[in-house]
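For reference, query-v2.txt is printed below; it contains compact mmCIF, C-alpha atoms.
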```
# COMPACT_ATOMS: atom_id res chain seq x y z
CA MET A 306 -29.64 -33.15 207.84
CA ALA A 307 -25.90 -33.27 207.22
CA LEU A 308 -23.21 -30.63 207.12
CA THR A 309 -20.26 -31.17 204.79
CA LEU A 310 -17.02 -29.27 205.29
CA ARG A 311 -14.76 -29.42 202.27
CA LEU A 312 -11.30 -28.93 203.77
CA GLY A 313 -8.66 -27.30 201.62
CA ASN A 314 -4.92 -27.26 202.28
CA ASP A 315 -5.17 -24.21 204.56
CA ASP A 316 -7.89 -25.90 206.62
CA LEU A 317 -5.88 -29.08 207.00
CA ARG A 318 -2.80 -27.12 208.01
CA ARG A 319 -4.65 -25.02 210.59
CA SER A 320 -6.92 -27.63 212.16
CA ARG A 321 -6.22 -27.91 215.88
CA PHE A 322 -7.36 -29.35 219.21
CA ALA A 323 -8.47 -27.50 222.32
CA VAL A 324 -9.79 -28.25 225.80
CA SER A 325 -12.31 -25.66 227.00
CA PRO A 326 -13.61 -25.69 230.59
CA LEU A 327 -16.27 -23.16 229.57
CA CYS A 328 -17.54 -25.32 226.71
CA GLN A 329 -17.50 -28.36 229.02
CA THR A 330 -19.69 -26.41 231.45
CA HIS A 331 -22.25 -25.71 228.75
CA GLU A 332 -22.12 -29.30 227.50
CA ALA A 333 -22.80 -30.40 231.11
CA LEU A 334 -25.80 -28.07 231.18
CA ARG A 335 -27.05 -29.45 227.84
CA MET A 336 -26.60 -32.95 229.23
CA LEU A 337 -28.81 -32.06 232.21
CA ARG A 338 -31.36 -30.70 229.75
CA ARG A 339 -31.27 -33.57 227.23
CA SER A 340 -31.90 -36.96 228.79
CA ALA A 341 -30.63 -38.91 225.76
CA ARG A 342 -27.12 -38.00 226.93
CA HIS A 343 -27.57 -39.45 230.42
CA GLY A 344 -26.33 -42.96 229.65
CA TYR A 345 -22.72 -42.60 230.81
CA HIS A 346 -23.46 -40.12 233.59
CA ARG A 347 -26.15 -41.51 235.89
CA ASP A 348 -23.77 -41.69 238.87
CA TRP A 349 -22.62 -38.12 238.18
CA LEU A 350 -26.23 -36.95 237.89
CA ARG A 351 -27.06 -38.45 241.27
CA ARG A 352 -23.96 -36.91 242.82
CA VAL A 353 -24.61 -33.37 241.52
CA ALA A 354 -28.37 -33.44 242.14
CA PRO A 355 -28.11 -31.46 245.42
CA ALA A 356 -25.96 -28.79 243.72
CA VAL A 357 -28.35 -28.58 240.78
CA ALA A 358 -31.31 -28.22 243.16
CA GLY A 359 -29.57 -25.21 244.69
CA LEU A 360 -29.27 -23.36 241.36
CA ASP A 361 -31.93 -21.41 239.51
CA LEU A 362 -30.99 -22.38 235.97
CA SER A 363 -34.14 -21.00 234.34
CA PRO A 364 -32.37 -17.99 232.73
CA LEU A 365 -29.98 -20.42 231.00
CA TRP A 366 -32.72 -22.92 230.13
CA LEU A 367 -34.34 -20.10 228.16
CA PHE A 368 -31.45 -20.42 225.69
CA ILE A 369 -30.82 -24.19 225.88
CA PRO A 370 -33.76 -25.89 224.13
CA PRO A 371 -34.51 -29.36 225.56
CA VAL A 372 -34.53 -30.97 222.08
CA GLY A 373 -32.16 -29.65 219.42
CA GLY A 374 -32.30 -25.94 218.71
CA TYR A 375 -29.64 -23.27 218.89
CA THR A 376 -27.79 -22.05 221.99
CA PRO A 377 -26.09 -18.63 221.66
CA ASP A 378 -22.46 -19.20 220.75
CA PHE A 379 -21.20 -16.25 222.77
CA LEU A 380 -21.98 -18.25 225.94
CA GLY A 381 -19.13 -20.63 225.10
CA PRO A 382 -17.14 -19.30 222.15
CA PRO A 383 -14.44 -21.47 220.55
CA PRO A 384 -11.24 -21.01 222.57
CA GLU A 385 -8.41 -19.06 221.03
CA GLU A 386 -5.71 -21.19 222.70
CA PRO A 387 -5.35 -24.93 223.36
CA TYR A 388 -5.81 -24.93 227.15
CA PRO A 389 -7.50 -21.73 228.31
CA ARG A 390 -8.38 -21.06 231.95
CA PHE A 391 -12.07 -20.88 232.83
CA GLU A 392 -11.60 -17.39 234.26
CA ASP A 393 -10.18 -16.10 230.97
CA GLU A 394 -12.95 -17.71 228.93
CA LEU A 395 -15.62 -16.25 231.19
CA ALA A 396 -14.04 -12.80 230.79
CA ARG A 397 -14.58 -13.16 227.01
CA VAL A 398 -18.26 -13.92 227.63
CA ARG A 399 -18.63 -10.86 229.84
CA ALA A 400 -17.04 -8.71 227.11
CA THR A 401 -19.52 -9.83 224.43
CA ASP A 402 -20.78 -7.04 222.21
CA PRO A 403 -24.46 -6.49 223.21
CA SER A 404 -25.53 -6.33 219.55
CA LEU A 405 -23.99 -9.75 218.85
CA ALA A 406 -25.52 -11.12 222.05
CA ARG A 407 -28.96 -9.85 221.09
CA GLU A 408 -28.70 -11.33 217.59
CA GLU A 409 -27.70 -14.76 218.88
CA MET A 410 -30.24 -14.72 221.73
CA ALA A 411 -33.03 -13.84 219.28
CA ARG A 412 -32.01 -16.71 217.01
CA SER A 413 -32.08 -19.09 219.99
CA LEU A 414 -35.48 -17.89 221.23
CA PHE A 415 -37.05 -18.22 217.77
CA CYS A 416 -36.27 -21.96 217.88
CA THR A 417 -39.22 -22.29 220.30
CA PRO A 418 -42.47 -20.82 218.90
CA GLY A 419 -43.71 -17.93 221.02
CA LEU A 420 -40.68 -17.73 223.30
CA ALA A 421 -39.24 -14.53 221.79
CA GLU A 422 -42.59 -12.77 222.40
CA SER A 423 -42.95 -14.10 225.95
CA PRO A 424 -42.29 -11.73 228.90
CA ARG A 425 -39.00 -13.50 229.68
CA GLY A 426 -37.89 -13.48 226.06
CA ARG A 427 -38.71 -9.79 225.57
CA ALA A 428 -36.96 -8.85 228.82
CA ALA A 429 -33.79 -10.67 227.74
CA LEU A 430 -33.73 -9.01 224.31
CA ASP A 431 -34.59 -5.55 225.63
CA ASP A 432 -31.47 -5.52 227.85
CA PRO A 433 -28.82 -7.63 226.09
CA ALA A 434 -25.92 -6.25 228.13
CA GLY A 435 -27.70 -7.03 231.40
CA THR A 436 -28.69 -10.47 230.11
CA VAL A 437 -25.05 -11.22 229.22
CA ARG A 438 -24.00 -10.32 232.78
CA ARG A 439 -26.69 -12.49 234.34
CA LEU A 440 -25.93 -15.47 232.08
CA ALA A 441 -22.19 -15.13 232.75
CA ASP A 442 -22.80 -15.08 236.51
CA LEU A 443 -25.00 -18.17 236.28
CA THR A 444 -22.47 -19.94 234.05
CA GLU A 445 -19.83 -19.31 236.72
CA GLN A 446 -22.12 -20.84 239.35
CA ALA A 447 -22.75 -23.84 237.10
CA TRP A 448 -19.00 -24.32 236.60
CA GLN A 449 -18.37 -24.27 240.35
CA ALA A 450 -21.22 -26.67 241.11
CA LEU A 451 -21.07 -29.11 238.19
CA VAL A 452 -17.63 -29.21 236.61
CA ALA A 453 -14.91 -27.66 238.79
CA PRO A 454 -14.94 -30.41 241.50
CA ASP A 455 -14.08 -33.05 238.86
CA TRP A 456 -12.14 -30.86 236.44
CA ALA A 457 -8.70 -32.40 237.11
CA ARG A 458 -10.04 -35.86 236.22
CA HIS A 459 -12.06 -34.61 233.26
CA ARG A 460 -9.14 -32.64 231.88
CA ALA A 461 -6.88 -35.71 232.14
CA VAL A 462 -9.37 -37.71 230.02
CA LEU A 463 -9.64 -34.90 227.46
CA GLU A 464 -5.87 -34.52 227.22
CA ALA A 465 -5.46 -38.29 226.89
CA ASP A 466 -7.90 -38.25 223.99
CA ILE A 467 -5.91 -35.52 222.27
CA ALA A 468 -2.66 -37.40 222.87
CA HIS A 469 -4.14 -40.55 221.31
CA ARG A 470 -5.48 -38.74 218.26
CA SER A 471 -2.26 -36.79 217.80
CA ARG A 472 -0.43 -40.12 217.68
CA GLN A 473 -3.00 -41.37 215.17
CA ALA A 474 -2.29 -38.41 212.91
CA ALA A 475 1.47 -38.81 213.35
CA ASP A 476 1.38 -42.56 212.63
CA ALA A 477 -1.25 -42.77 209.89
CA GLY A 478 -2.10 -39.23 208.79
CA LEU A 479 -5.21 -37.09 209.01
CA ASP A 480 -7.29 -39.77 207.30
CA ALA A 481 -6.94 -41.97 210.40
CA LEU A 482 -7.71 -39.07 212.74
CA PHE A 483 -10.87 -37.81 211.03
CA ALA A 484 -12.21 -41.29 210.23
CA ASP A 485 -12.13 -42.30 213.91
CA LEU A 486 -13.79 -39.25 215.52
CA HIS A 487 -17.33 -40.63 215.76
CA PRO A 488 -19.50 -43.21 213.96
CA ASP A 489 -21.69 -40.41 212.58
CA VAL A 490 -18.75 -38.50 211.11
CA ASP A 491 -17.78 -39.39 207.57
CA TRP A 492 -14.41 -38.48 206.07
CA ALA A 493 -13.93 -39.02 202.35
CA ASP A 494 -12.19 -37.17 199.53
CA GLY A 495 -11.18 -34.25 201.73
CA SER A 496 -14.71 -33.67 203.06
CA LEU A 497 -15.85 -33.98 206.67
CA THR A 498 -19.57 -34.75 206.93
CA LEU A 499 -21.52 -34.78 210.19
CA PRO A 500 -25.17 -34.59 211.21
CA VAL A 501 -26.75 -31.28 212.22
CA ARG A 502 -30.16 -30.32 213.53
CA GLY A 503 -32.28 -27.32 212.72
CA ASP A 504 -31.56 -24.23 210.62
CA MET A 505 -28.69 -24.60 208.13
CA ARG A 506 -28.65 -20.96 206.97
CA ASP A 507 -25.77 -20.01 209.27
CA ALA A 508 -24.06 -23.40 209.24
CA GLN A 509 -20.30 -23.51 209.31
CA LEU A 510 -18.27 -23.26 206.15
CA ALA A 511 -14.66 -24.34 205.67
CA ASP A 512 -12.92 -21.06 204.90
CA GLY A 513 -9.21 -21.68 205.47
CA ARG A 514 -9.23 -21.19 209.26
CA GLY A 515 -9.14 -24.93 209.89
CA VAL A 516 -11.42 -27.05 212.03
CA LEU A 517 -11.29 -26.83 215.81
CA LEU A 518 -11.60 -30.32 217.36
CA MET A 519 -12.79 -30.44 220.97
CA PRO A 520 -13.27 -33.69 222.91
CA SER A 521 -16.04 -33.63 225.53
CA VAL A 522 -16.99 -35.89 228.43
CA PHE A 523 -20.64 -34.75 228.27
CA VAL A 524 -21.59 -34.67 224.59
CA TRP A 525 -22.14 -38.47 224.16
CA PRO A 526 -23.96 -39.92 222.22
CA ASP A 527 -23.91 -36.90 219.93
CA VAL A 528 -21.27 -35.27 217.83
CA VAL A 529 -21.88 -31.52 217.58
CA SER A 530 -21.05 -29.18 214.73
CA GLY A 531 -19.93 -26.54 217.22
CA PHE A 532 -20.71 -23.00 216.23
CA ALA A 533 -22.57 -21.02 213.61
CA ARG A 534 -20.93 -18.43 211.40
CA PRO A 535 -18.89 -16.27 211.92
CA TRP A 536 -17.24 -18.49 214.56
CA GLN A 537 -14.51 -20.98 213.60
CA PRO A 538 -15.81 -24.32 212.30
CA THR A 539 -15.76 -26.70 215.27
CA VAL A 540 -16.50 -30.36 215.94
CA ILE A 541 -17.26 -31.40 219.53
CA TYR A 542 -17.08 -35.18 219.92
CA PRO A 543 -17.16 -37.74 222.79
CA ALA A 544 -13.75 -38.26 224.38
CA ARG A 545 -12.21 -41.71 224.57
CA GLY A 546 -12.03 -43.10 228.10
CA MET A 547 -15.01 -41.13 229.42
CA ARG A 548 -16.66 -44.31 230.75
CA ALA A 549 -13.86 -44.65 233.33
CA LEU A 550 -14.79 -41.29 234.88
CA ASN A 551 -17.93 -42.73 236.42
CA SER A 552 -16.66 -46.16 237.39
CA ALA A 553 -17.14 -46.71 241.09
CA GLU A 554 -13.83 -48.50 241.27
CA ALA A 555 -10.99 -49.59 239.03
CA PRO A 556 -11.48 -52.96 237.31
CA ARG A 557 -9.72 -55.93 238.88
CA PRO A 558 -6.60 -56.99 236.96
CA PRO A 559 -6.32 -60.50 235.51
CA GLU A 560 -5.26 -62.93 238.25
CA ALA A 561 -2.23 -64.19 236.30
CA LEU A 562 -1.01 -60.62 235.83
CA ALA A 563 -1.55 -59.88 239.54
CA ARG A 564 0.60 -62.90 240.48
CA LEU A 565 3.32 -61.75 238.09
CA LEU A 566 3.47 -58.05 238.95
CA GLY A 567 1.64 -57.70 242.24
CA ARG A 568 -2.00 -56.67 242.46
CA GLN A 569 -1.51 -52.89 242.62
CA ARG A 570 1.02 -52.72 239.80
CA ALA A 571 -1.06 -55.08 237.66
CA ALA A 572 -4.17 -52.94 238.24
CA VAL A 573 -2.33 -49.80 237.16
CA LEU A 574 -1.07 -51.48 233.99
CA ALA A 575 -4.39 -53.18 233.11
CA GLY A 576 -6.33 -49.98 233.74
CA LEU A 577 -4.36 -47.91 231.24
CA ASP A 578 -6.56 -48.60 228.22
CA ASP A 579 -6.34 -44.82 227.69
CA PRO A 580 -3.41 -42.63 228.79
CA ALA A 581 -3.80 -41.09 232.25
CA SER A 582 -1.89 -38.89 234.68
CA THR A 583 -0.46 -39.94 238.03
CA THR A 584 -3.15 -37.95 239.84
CA ASP A 585 -5.96 -39.58 237.86
CA LEU A 586 -4.53 -43.06 238.45
CA ALA A 587 -4.17 -42.36 242.19
CA ARG A 588 -7.84 -41.40 242.41
CA ARG A 589 -8.96 -44.30 240.24
CA HIS A 590 -7.10 -46.94 242.26
CA GLY A 591 -7.36 -45.37 245.71
CA LEU A 592 -3.57 -45.14 246.07
CA ALA A 593 -1.22 -42.40 247.18
CA PRO A 594 0.32 -40.48 244.23
CA SER A 595 3.80 -41.47 245.46
CA THR A 596 2.79 -45.17 245.31
CA VAL A 597 1.43 -44.78 241.80
CA SER A 598 4.61 -42.94 240.73
CA ALA A 599 6.72 -45.82 242.01
CA HIS A 600 4.63 -48.39 240.12
CA LEU A 601 4.76 -46.30 236.94
CA ALA A 602 8.54 -45.99 237.17
CA VAL A 603 8.95 -49.77 237.39
CA LEU A 604 6.51 -50.44 234.55
CA ARG A 605 8.19 -47.86 232.38
CA GLU A 606 11.65 -49.32 233.10
CA ALA A 607 10.32 -52.70 232.01
CA GLY A 608 9.19 -51.20 228.69
CA LEU A 609 5.51 -51.74 229.43
CA LEU A 610 4.64 -48.02 229.56
CA ASP A 611 5.76 -44.80 227.97
CA SER A 612 4.96 -41.21 228.90
CA ARG A 613 4.50 -37.88 227.20
CA ARG A 614 3.73 -34.37 228.35
CA GLN A 615 0.31 -33.01 227.37
CA GLY A 616 -0.37 -29.47 228.55
CA LEU A 617 0.33 -29.33 232.28
CA HIS A 618 0.26 -33.08 232.79
CA VAL A 619 2.45 -36.10 232.07
CA LEU A 620 0.28 -38.89 230.65
CA TYR A 621 1.24 -42.57 230.86
CA GLY A 622 0.10 -45.17 228.35
CA ARG A 623 0.88 -48.78 227.55
CA THR A 624 3.43 -49.62 224.90
CA PRO A 625 2.72 -52.39 222.37
CA LEU A 626 4.62 -54.72 224.73
CA GLY A 627 2.39 -53.60 227.61
CA ASP A 628 -0.70 -54.27 225.50
CA SER A 629 0.59 -57.75 224.71
CA VAL A 630 1.29 -58.55 228.37
CA VAL A 631 -2.23 -57.47 229.42
CA ALA A 632 -3.87 -59.30 226.51
CA GLY A 633 -1.85 -62.46 227.21
CA ALA A 634 -2.88 -62.42 230.86
```
Rendering of file as structure tokens:
Amino acid sequence: MALTLRLGNDDLRRSRFAVSPLCQTHEALRMLRRSARHGYHRDWLRRVAPAVAGLDLSPLWLFIPPVGGYTPDFLGPPPEEPYPRFEDELARVRATDPSLAREEMARSLFCTPGLAESPRGRAALDDPAGTVRRLADLTEQAWQALVAPDWARHRAVLEADIAHRSRQAADAGLDALFADLHPDVDWADGSLTLPVRGDMRDAQLADGRGVLLMPSVFVWPDVVSGFARPWQPTVIYPARGMRALNSAEAPRPPEALARLLGRQRAAVLAGLDDPASTTDLARRHGLAPSTVSAHLAVLREAGLLDSRRQGLHVLYGRTPLGDSVVAGA
């Protein structure tokens, strides 16, 4: 099935990006639950296996069907600001109206025949406020175990994706941005069409609030039509550069480039296929941040890199000249 969002002028004006640590946590949980997403994350799965074994995730699994189905949106509502803190997002979950929680939990349970009438399903629905507290506590544990240790690196990839797509929109307009989100997303004549699974009765509608665009390092290979009504229409898509997160080591630079610039500096330049922060580059290349900063300064002076601030970080990316130098090598 496909969902089509016909975007009017108000929607186009108000569409925005956001990075949500809470939503990333729930996408990580869905990735654990849905093996089709494992392709890019096998090393990560092996690394977090001991932490996962130490968690009882069964209360969350009740509301995260293994194949398709609906997960209550209050567990990871669309962020109200571009770069919220996890603590603030979790406080919103804890403050969920019990009646809304019960409605969304019931919808989720009914995706699996018999689950709403099961002892666990009935217990969850009979005490929605208590269930919200328990799910929020478990979400916090999942964040600490699965996402927080790598959050600086993940956030750098997500911010780099937003920086790239913002440049796309600035250089070539919204047509270029929407057309490049994901192979399964179609943009034509002011309409954004993407695949959806399951019940369409509460599917999103473009209503002038704009579309919230959220890159994710865990959603691949899917693109997700975010939230049901009444939440803001949202598209969660795979971030560019996510493959580099799980590389055991940085790729070796071309030998000619290494002779020209030195091996470390060449590796930094060749590895910047997507913009990255100094901290991310230091981790990726096993170098001290001060060493990476020195290399970046030289490369920038030479016109091979430029930089821009994105949120709390400064991201470095190759200029067209830098691309030409790497390609020529």
Near Val524 in chain A, within 10 Å and counting all atoms listed in the file, which residues show up once chain neighbours fewer than 2 positions away are dropped, as an MDAnalysis selection string? chainID A and resid 329 331:333 335:336 342:343 520:522 526:529 541:544
File dump, residues just selected, C-alpha atoms, as a compact mmCIF listing (two decimals), in the frame of the given file:
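Output below, filename selection_34.txt:
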```txt
# COMPACT_ATOMS: atom_id res chain seq x y z
CA GLN A 329 -17.50 -28.36 229.02
CA HIS A 331 -22.25 -25.71 228.75
CA GLU A 332 -22.12 -29.30 227.50
CA ALA A 333 -22.80 -30.40 231.11
CA ARG A 335 -27.05 -29.45 227.84
CA MET A 336 -26.60 -32.95 229.23
CA ARG A 342 -27.12 -38.00 226.93
CA HIS A 343 -27.57 -39.45 230.42
CA PRO A 520 -13.27 -33.69 222.91
CA SER A 521 -16.04 -33.63 225.53
CA VAL A 522 -16.99 -35.89 228.43
CA PRO A 526 -23.96 -39.92 222.22
CA ASP A 527 -23.91 -36.90 219.93
CA VAL A 528 -21.27 -35.27 217.83
CA VAL A 529 -21.88 -31.52 217.58
CA ILE A 541 -17.26 -31.40 219.53
CA TYR A 542 -17.08 -35.18 219.92
CA PRO A 543 -17.16 -37.74 222.79
CA ALA A 544 -13.75 -38.26 224.38
```
Set out as a tab-separated table a contact list for range 535-597 of chain A and range 616-632 of chain A with a cut-off of 9 Å, giving each residue of range 535-597 of chain A that qualifies its closest atom pair and distance in Å to one decimal, counting all atoms listed in the file, ordered by chain and rising residue number.
```
residue	atom	partner	partner_atom	distance
A:Pro558	CA	A:Val631	CA	8.7
A:Pro559	CA	A:Val631	CA	7.9
A:Leu562	CA	A:Val631	CA	7.2
A:Ala571	CA	A:Val631	CA	8.7
A:Leu574	CA	A:Arg623	CA	7.3
A:Ala575	CA	A:Val631	CA	6.1
A:Leu577	CA	A:Gly622	CA	6.0
A:Asp578	CA	A:Arg623	CA	7.5
A:Asp579	CA	A:Gly622	CA	6.5
A:Pro580	CA	A:Gly622	CA	4.4
A:Ala581	CA	A:Leu620	CA	4.9
A:Ser582	CA	A:Leu620	CA	4.6
A:Thr583	CA	A:Leu620	CA	7.5
```
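Computed from the coordinates, the CA of Ser471 in chain A to CA of Leu310 in chain A distance equals 20.8 Å.
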What does the distance between CA of Ala429 in chain A and CA of Pro371 in chain A come to in Å, to one decimal place?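 Distance between the two atoms: 18.8 Å.
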At a cut-off of 10 Å, using only C-alpha atoms, what residues contact Gly495 in chain A? Leave out same-chain residues fewer than 2 positions from it and give the result as a PDB file with C-alpha atoms, in the frame of the given file.
```pdb
ATOM      1  CA  LEU A 310     -17.020 -29.270 205.290  1.00  0.00           C
ATOM      2  CA  ARG A 311     -14.760 -29.420 202.270  1.00  0.00           C
ATOM      3  CA  LEU A 312     -11.300 -28.930 203.770  1.00  0.00           C
ATOM      4  CA  GLY A 313      -8.660 -27.300 201.620  1.00  0.00           C
ATOM      5  CA  ASN A 314      -4.920 -27.260 202.280  1.00  0.00           C
ATOM      6  CA  LEU A 317      -5.880 -29.080 207.000  1.00  0.00           C
ATOM      7  CA  LEU A 479      -5.210 -37.090 209.010  1.00  0.00           C
ATOM      8  CA  ASP A 480      -7.290 -39.770 207.300  1.00  0.00           C
ATOM      9  CA  PHE A 483     -10.870 -37.810 211.030  1.00  0.00           C
ATOM     10  CA  TRP A 492     -14.410 -38.480 206.070  1.00  0.00           C
ATOM     11  CA  ALA A 493     -13.930 -39.020 202.350  1.00  0.00           C
ATOM     12  CA  LEU A 497     -15.850 -33.980 206.670  1.00  0.00           C
ATOM     13  CA  THR A 498     -19.570 -34.750 206.930  1.00  0.00           C
TER      14      THR A 498
END
```
